[in-house]
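Structure file work-v3.pdb; described as PDB, C-alpha atoms.
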ATOM      1  CA  MET A 298     108.919 102.988  86.158
ATOM      2  CA  ARG A 299     110.127 101.033  83.163
ATOM      3  CA  ILE A 300     113.298 101.237  81.130
ATOM      4  CA  ALA A 301     113.436  99.278  77.906
ATOM      5  CA  GLY A 302     116.077  99.350  75.247
ATOM      6  CA  LYS A 303     118.733  97.622  73.247
ATOM      7  CA  PHE A 304     121.723  96.485  75.233
ATOM      8  CA  VAL A 305     124.913  96.473  73.203
ATOM      9  CA  ALA A 306     125.705  92.758  73.410
ATOM     10  CA  GLY A 307     122.085  91.738  73.064
ATOM     11  CA  LEU A 308     121.197  92.895  69.580
ATOM     12  CA  VAL A 309     122.431  90.648  66.804
ATOM     13  CA  CYS A 310     121.424  90.952  63.177
ATOM     14  CA  VAL A 311     123.001  88.652  60.626
ATOM     15  CA  SER A 312     122.241  88.539  56.925
ATOM     16  CA  CYS A 313     123.563  85.572  54.982
ATOM     17  CA  ALA A 314     123.392  84.757  51.304
ATOM     18  CA  PHE A 315     124.076  81.022  50.943
ATOM     19  CA  SER A 316     123.884  81.380  47.189
ATOM     20  CA  ALA A 317     122.561  83.788  44.616
ATOM     21  CA  MET A 318     119.218  82.001  45.031
ATOM     22  CA  ALA A 319     118.817  82.248  48.828
ATOM     23  CA  LYS A 320     118.936  84.871  51.561
ATOM     24  CA  THR A 321     118.522  84.328  55.315
ATOM     25  CA  ASP A 322     118.322  86.957  58.069
ATOM     26  CA  VAL A 323     118.641  86.328  61.811
ATOM     27  CA  LEU A 324     117.680  88.943  64.399
ATOM     28  CA  ILE A 325     117.980  88.641  68.194
ATOM     29  CA  ARG A 326     116.727  91.523  70.317
ATOM     30  CA  GLY A 327     116.854  91.838  74.096
ATOM     31  CA  THR A 328     115.156  94.197  76.534
ATOM     32  CA  TYR A 329     116.070  95.262  80.043
ATOM     33  CA  SER A 330     113.073  96.212  82.176
ATOM     34  CA  ALA A 331     112.592  97.710  85.615
ATOM     35  CA  GLN A 332     108.913  97.313  86.445
ATOM     36  CA  ASP A 333     106.713  98.783  89.154
ATOM     37  CA  ASP A 334     103.689  97.016  90.623
ATOM     38  CA  ALA A 335     101.528  97.390  87.501
ATOM     39  CA  THR A 336     100.790  94.058  85.796
ATOM     40  CA  SER A 337     101.468  93.656  82.088
ATOM     41  CA  PHE A 338      98.596  93.606  79.603
ATOM     42  CA  GLN A 339      99.679  90.046  78.761
ATOM     43  CA  GLN A 340      98.635  89.053  82.296
ATOM     44  CA  LYS A 341      95.356  90.991  81.955
ATOM     45  CA  GLY A 342      96.807  93.889  83.913
ATOM     46  CA  THR A 343      96.606  97.630  83.416
ATOM     47  CA  SER A 344     100.182  98.248  82.271
ATOM     48  CA  HIS A 345     100.569  98.803  78.524
ATOM     49  CA  GLN A 346     104.132  97.484  78.797
ATOM     50  CA  ARG A 347     105.029  93.984  77.707
ATOM     51  CA  PHE A 348     107.137  92.463  80.518
ATOM     52  CA  ASP A 349     106.518  91.973  84.228
ATOM     53  CA  GLY A 350     109.402  92.047  86.683
ATOM     54  CA  ASP A 351     112.964  93.282  86.526
ATOM     55  CA  GLY A 352     115.655  91.813  84.347
ATOM     56  CA  ILE A 353     116.754  91.011  80.831
ATOM     57  CA  HIS A 354     114.218  89.436  78.480
ATOM     58  CA  LEU A 355     114.350  87.985  74.979
ATOM     59  CA  SER A 356     111.962  90.350  73.263
ATOM     60  CA  GLN A 357     112.458  89.042  69.729
ATOM     61  CA  ALA A 358     114.252  86.273  67.859
ATOM     62  CA  VAL A 359     113.531  86.139  64.145
ATOM     63  CA  LEU A 360     114.666  83.784  61.418
ATOM     64  CA  ALA A 361     113.583  84.998  57.972
ATOM     65  CA  THR A 362     114.462  83.316  54.706
ATOM     66  CA  GLU A 363     113.681  83.871  51.046
ATOM     67  CA  GLN A 364     114.549  81.234  48.464
ATOM     68  CA  GLN A 365     114.532  81.967  44.745
ATOM     69  CA  VAL A 366     112.936  78.919  43.097
ATOM     70  CA  THR A 367     112.991  80.179  39.495
ATOM     71  CA  ASN A 368     113.664  83.536  37.843
ATOM     72  CA  ASP A 369     110.035  84.488  38.493
ATOM     73  CA  TRP A 370     109.049  82.555  41.653
ATOM     74  CA  SER A 371     110.363  82.697  45.210
ATOM     75  CA  ILE A 372     109.177  81.383  48.579
ATOM     76  CA  ALA A 373     109.623  83.167  51.907
ATOM     77  CA  GLY A 374     109.011  82.361  55.552
ATOM     78  CA  VAL A 375     109.491  84.019  58.956
ATOM     79  CA  LEU A 376     109.870  82.172  62.265
ATOM     80  CA  ASN A 377     109.457  84.203  65.492
ATOM     81  CA  ALA A 378     110.409  83.230  69.064
ATOM     82  CA  TYR A 379     109.883  85.073  72.373
ATOM     83  CA  SER A 380     110.508  84.574  76.081
ATOM     84  CA  ASP A 381     106.928  85.487  77.010
ATOM     85  CA  GLY A 382     103.343  84.823  75.972
ATOM     86  CA  GLU A 383     101.305  81.654  75.672
ATOM     87  CA  GLN A 384     102.960  80.614  72.404
ATOM     88  CA  ARG A 385     106.723  81.061  72.541
ATOM     89  CA  ALA A 386     107.548  80.240  68.901
ATOM     90  CA  GLY A 387     105.810  79.896  65.580
ATOM     91  CA  ILE A 388     105.591  80.935  61.945
ATOM     92  CA  SER A 389     104.307  84.460  61.354
ATOM     93  CA  GLN A 390     104.629  84.559  57.561
ATOM     94  CA  LEU A 391     104.810  81.925  54.817
ATOM     95  CA  TYR A 392     104.119  82.759  51.188
ATOM     96  CA  ALA A 393     105.092  82.312  47.541
ATOM     97  CA  LYS A 394     105.807  85.348  45.372
ATOM     98  CA  TYR A 395     105.561  85.658  41.606
ATOM     99  CA  ARG A 396     107.588  88.587  40.278
ATOM    100  CA  PRO A 397     108.266  88.127  36.571
ATOM    101  CA  LEU A 398     111.098  89.769  34.719
ATOM    102  CA  THR A 399     109.553  92.125  32.199
ATOM    103  CA  ALA A 400     110.729  94.969  29.989
ATOM    104  CA  SER A 401     107.594  96.968  30.753
ATOM    105  CA  SER A 402     107.953  99.899  33.142
ATOM    106  CA  ILE A 403     104.841  98.669  35.000
ATOM    107  CA  LYS A 404     105.845  95.606  37.024
ATOM    108  CA  PRO A 405     103.318  93.011  38.264
ATOM    109  CA  GLU A 406     103.672  90.949  41.454
ATOM    110  CA  VAL A 407     101.521  88.228  43.045
ATOM    111  CA  LYS A 408     101.822  86.923  46.627
ATOM    112  CA  ILE A 409     100.046  83.772  47.799
ATOM    113  CA  GLY A 410      99.993  82.606  51.413
ATOM    114  CA  MET A 411      99.944  84.346  54.806
ATOM    115  CA  PHE A 412     101.707  87.681  55.165
ATOM    116  CA  TYR A 413     101.271  91.198  56.501
ATOM    117  CA  PRO A 414      99.391  93.610  54.256
ATOM    118  CA  ALA A 415     101.464  96.473  52.858
ATOM    119  CA  LEU A 416     100.051  99.093  55.233
ATOM    120  CA  SER A 417     103.078 100.657  56.903
ATOM    121  CA  ALA A 418     105.993 102.879  55.952
ATOM    122  CA  GLU A 419     107.374 102.290  59.474
ATOM    123  CA  ASN A 420     107.470  98.487  59.777
ATOM    124  CA  THR A 421     109.575  97.594  56.765
ATOM    125  CA  ASP A 422     112.095  95.238  58.401
ATOM    126  CA  ILE A 423     111.882  91.451  58.672
ATOM    127  CA  GLY A 424     109.154  89.970  60.882
ATOM    128  CA  TRP A 425     106.936  93.099  60.754
ATOM    129  CA  LEU A 426     109.552  95.055  62.712
ATOM    130  CA  SER A 427     110.675  98.637  62.424
ATOM    131  CA  PRO A 428     114.348  99.234  61.539
ATOM    132  CA  HIS A 429     114.168 102.550  63.441
ATOM    133  CA  PHE A 430     112.452 101.776  66.777
ATOM    134  CA  LEU A 431     112.451  99.044  69.449
ATOM    135  CA  THR A 432     108.728  99.394  70.071
ATOM    136  CA  ASN A 433     106.207  99.614  67.264
ATOM    137  CA  SER A 434     103.619 102.354  67.122
ATOM    138  CA  ALA A 435     100.232 101.521  68.656
ATOM    139  CA  ILE A 436      98.561 100.812  65.312
ATOM    140  CA  ASN A 437     101.453  98.688  64.004
ATOM    141  CA  SER A 438     101.635  96.778  67.307
ATOM    142  CA  TRP A 439      97.985  95.852  66.815
ATOM    143  CA  ILE A 440      98.506  94.881  63.148
ATOM    144  CA  GLY A 441     101.410  92.609  64.105
ATOM    145  CA  GLU A 442      99.357  90.993  66.839
ATOM    146  CA  GLU A 443      96.018  90.531  65.125
ATOM    147  CA  LEU A 444      95.854  91.361  61.414
ATOM    148  CA  ARG A 445      97.180  89.014  58.745
ATOM    149  CA  THR A 446      96.391  88.423  55.094
ATOM    150  CA  GLY A 447      95.757  84.779  54.354
ATOM    151  CA  GLY A 448      95.064  84.752  50.646
ATOM    152  CA  VAL A 449      96.254  86.335  47.406
ATOM    153  CA  GLU A 450      97.614  89.831  46.808
ATOM    154  CA  PHE A 451      98.124  91.319  43.348
ATOM    155  CA  SER A 452     100.056  94.523  42.740
ATOM    156  CA  LEU A 453     101.266  96.751  39.926
ATOM    157  CA  ARG A 454     104.104  99.223  40.480
ATOM    158  CA  GLN A 455     106.144 101.723  38.518
ATOM    159  CA  ASN A 456     109.473 103.216  39.532
ATOM    160  CA  GLY A 457     109.491 106.913  38.650
ATOM    161  CA  ARG A 458     113.195 106.920  37.786
ATOM    162  CA  GLN A 459     112.604 104.350  35.072
ATOM    163  CA  VAL A 460     110.250 106.726  33.244
ATOM    164  CA  ARG A 461     112.057 109.939  34.269
ATOM    165  CA  SER A 462     109.329 111.014  36.655
ATOM    166  CA  ASN A 463     109.487 112.358  40.214
ATOM    167  CA  TRP A 464     106.667 109.999  41.194
ATOM    168  CA  SER A 465     106.611 106.272  41.848
ATOM    169  CA  TRP A 466     103.371 104.414  42.493
ATOM    170  CA  LYS A 467     102.056 101.022  43.523
ATOM    171  CA  LEU A 468      98.502  99.678  43.293
ATOM    172  CA  LEU A 469      97.441  96.684  45.402
ATOM    173  CA  ALA A 470      94.382  94.452  45.546
ATOM    174  CA  SER A 471      93.878  91.316  47.626
ATOM    175  CA  VAL A 472      91.428  88.521  48.337
ATOM    176  CA  PHE A 473      91.743  87.067  51.822
ATOM    177  CA  LYS A 474      89.919  85.231  54.598
ATOM    178  CA  GLY A 475      90.346  84.347  58.256
ATOM    179  CA  ASN A 476      90.261  87.849  59.778
ATOM    180  CA  ASP A 477      86.731  87.542  61.184
ATOM    181  CA  THR A 478      87.888  88.227  64.738
ATOM    182  CA  THR A 479      90.028  91.266  63.874
ATOM    183  CA  GLY A 480      89.331  93.998  66.417
ATOM    184  CA  THR A 481      88.741  91.636  69.346
ATOM    185  CA  LEU A 482      91.975  92.658  71.078
ATOM    186  CA  LEU A 483      91.134  96.323  70.753
ATOM    187  CA  SER A 484      87.710  95.833  72.325
ATOM    188  CA  TRP A 485      89.136  93.655  75.117
ATOM    189  CA  ARG A 486      92.326  95.502  75.947
ATOM    190  CA  GLY A 487      92.783  98.573  73.778
ATOM    191  CA  PHE A 488      96.081  99.459  72.131
ATOM    192  CA  ALA A 489      99.431  98.300  73.538
ATOM    193  CA  LEU A 490     103.035  99.101  72.615
ATOM    194  CA  HIS A 491     105.278  96.124  71.770
ATOM    195  CA  ASP A 492     106.963  94.232  68.932
ATOM    196  CA  LEU A 493     105.044  90.943  69.179
ATOM    197  CA  SER A 494     103.714  89.093  66.135
ATOM    198  CA  ASN A 495     100.898  86.609  65.927
ATOM    199  CA  ARG A 496     102.217  83.085  65.267
ATOM    200  CA  TYR A 497     100.722  79.916  63.794
TER     201      TYR A 497
END
Please, can you express the file's structure as structure tokens?
Amino acid sequence: MRIAGKFVAGLVCVSCAFSAMAKTDVLIRGTYSAQDDATSFQQKGTSHQRFDGDGIHLSQAVLATEQQVTNDWSIAGVLNAYSDGEQRAGISQLYAKYRPLTASSIKPEVKIGMFYPALSAENTDIGWLSPHFLTNSAINSWIGEELRTGGVEFSLRQNGRQVRSNWSWKLLASVFKGNDTTGTLLSWRGFALHDLSNRY
């Protein structure tokens, strides 16, 4: 049997704006687990759960920052740390974003670097996390663990309210590399439920 959840003193989320040009978020998330004899998938066991053994674990520590360099350019990075896994800390996202100020109702945006593709309406929080759940869905757990865009993403978007429409839209296209091994985890282990991110 396993019980996992937020404990009141163990979840800390701080958002700081050091200036109008910078924003930094810090998130610390803990999990209490009571585990039976099944071994975690991280130890090549049959349990789809993340932690082995009873006790309190650091399931997620995230430092995310976005710095506005000019009116049009910003840089962003996310540092993740965990109490488990082979790599305990590392950078999961690092990119530059070009978002020009324009009077047109259709707004362009360009991202360059390594970042998660815009695939989910669930994982919209910092560090590819969900603001609603402690554990990601199976597909988003896999994306966080194995899929990353390393390249360039171009998008066009229009806010429906700006043109008095009930519909907003966004069109994305990207050029990327480095995902040759995507799918290896699924063939080796199958899906798992967790909030881990792949780090560099």
Could you check how far atom CA of Leu355 of chain A sits from atom CA of Gly327 of chain A, in Å to one decimal?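 The value is 4.7 Å.
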What do you get, as an NGL selection string, if you spell out every residue that the PyMOL selection byres ((chain A and resi 397-414) around 6) selects here? :A and (369 or 390-396 or 415-416 or 445-455)
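Here atom CA of Gly424 of chain A stands at a distance of 13.8 Å from atom CA of Glu443 of chain A.
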Which value, in Å to one decimal, gives the distance between atom CA of Gly441 of chain A and atom CA of Leu426 of chain A?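 Calculated distance between atom CA of Gly441 of chain A and atom CA of Leu426 of chain A is 8.6 Å.
When all atoms listed in the file are used to measure the gap to Gln357 of chain A, the shortest distance among A:Thr479, A:Ser494, A:Ser417, A:Asn437 belongs to A:Ser494.
You can rank A:Trp485, A:Leu468, A:Ala386, A:His491 by their closest distance to Asn433 of chain A using all atoms listed in the file, and at the top of that list sits A:His491.
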Excluding Val359 of chain A and its own-chain neighbours fewer than 6 positions away, which residues fall within 9 Å of it when counting all atoms listed in the file? Please give them as an mmCIF file with C-alpha atoms, in the frame of the given file.
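Wrote it out as result30.cif, contents follow:
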data_model
loop_
_atom_site.group_PDB
_atom_site.id
_atom_site.type_symbol
_atom_site.label_atom_id
_atom_site.label_comp_id
_atom_site.auth_asym_id
_atom_site.auth_seq_id
_atom_site.Cartn_x
_atom_site.Cartn_y
_atom_site.Cartn_z
ATOM 1 C CA ASP A 322 118.322 86.957 58.069
ATOM 2 C CA VAL A 323 118.641 86.328 61.811
ATOM 3 C CA LEU A 324 117.680 88.943 64.399
ATOM 4 C CA ILE A 325 117.980 88.641 68.194
ATOM 5 C CA ARG A 326 116.727 91.523 70.317
ATOM 6 C CA VAL A 375 109.491 84.019 58.956
ATOM 7 C CA LEU A 376 109.870 82.172 62.265
ATOM 8 C CA ASN A 377 109.457 84.203 65.492
ATOM 9 C CA ALA A 378 110.409 83.230 69.064
ATOM 10 C CA ILE A 423 111.882 91.451 58.672
ATOM 11 C CA GLY A 424 109.154 89.970 60.882
#
Using all atoms listed in the file, pick whichever of A:Met318, A:Ile353, A:Ile440, A:Ala418 has the shortest atom-to-atom distance to Trp370 of chain A. A:Met318
Padded axis-aligned box of segment 369-381 of chain A (4 Å per side), centre and edge lengths, Å, one decimal, as lines of an AutoDock Vina configuration file:
center_x = 108.7
center_y = 83.4
center_z = 57.8
size_x = 11.6
size_y = 12.1
size_z = 46.5
With only C-alpha atoms as the basis for distance, which of A:Ser484, A:Leu493, A:Glu363, A:Ser471 is at the shortest distance from Asp381 of chain A? A:Leu493
Pick from A:Ala319, A:Val460, A:Arg385, A:Thr328: nearest to Thr367 of chain A, with only C-alpha atoms counted?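 Checking each candidate against Thr367 of chain A, we get A:Ala319 as the closest.
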Using all atoms listed in the file for the distances, tell me which of A:Thr321, A:Asn495, A:Thr478, A:Ser465 is nearest to Trp425 of chain A.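 Between A:Thr321, A:Asn495, A:Thr478, A:Ser465, the residue approaching Trp425 of chain A most closely is A:Asn495.
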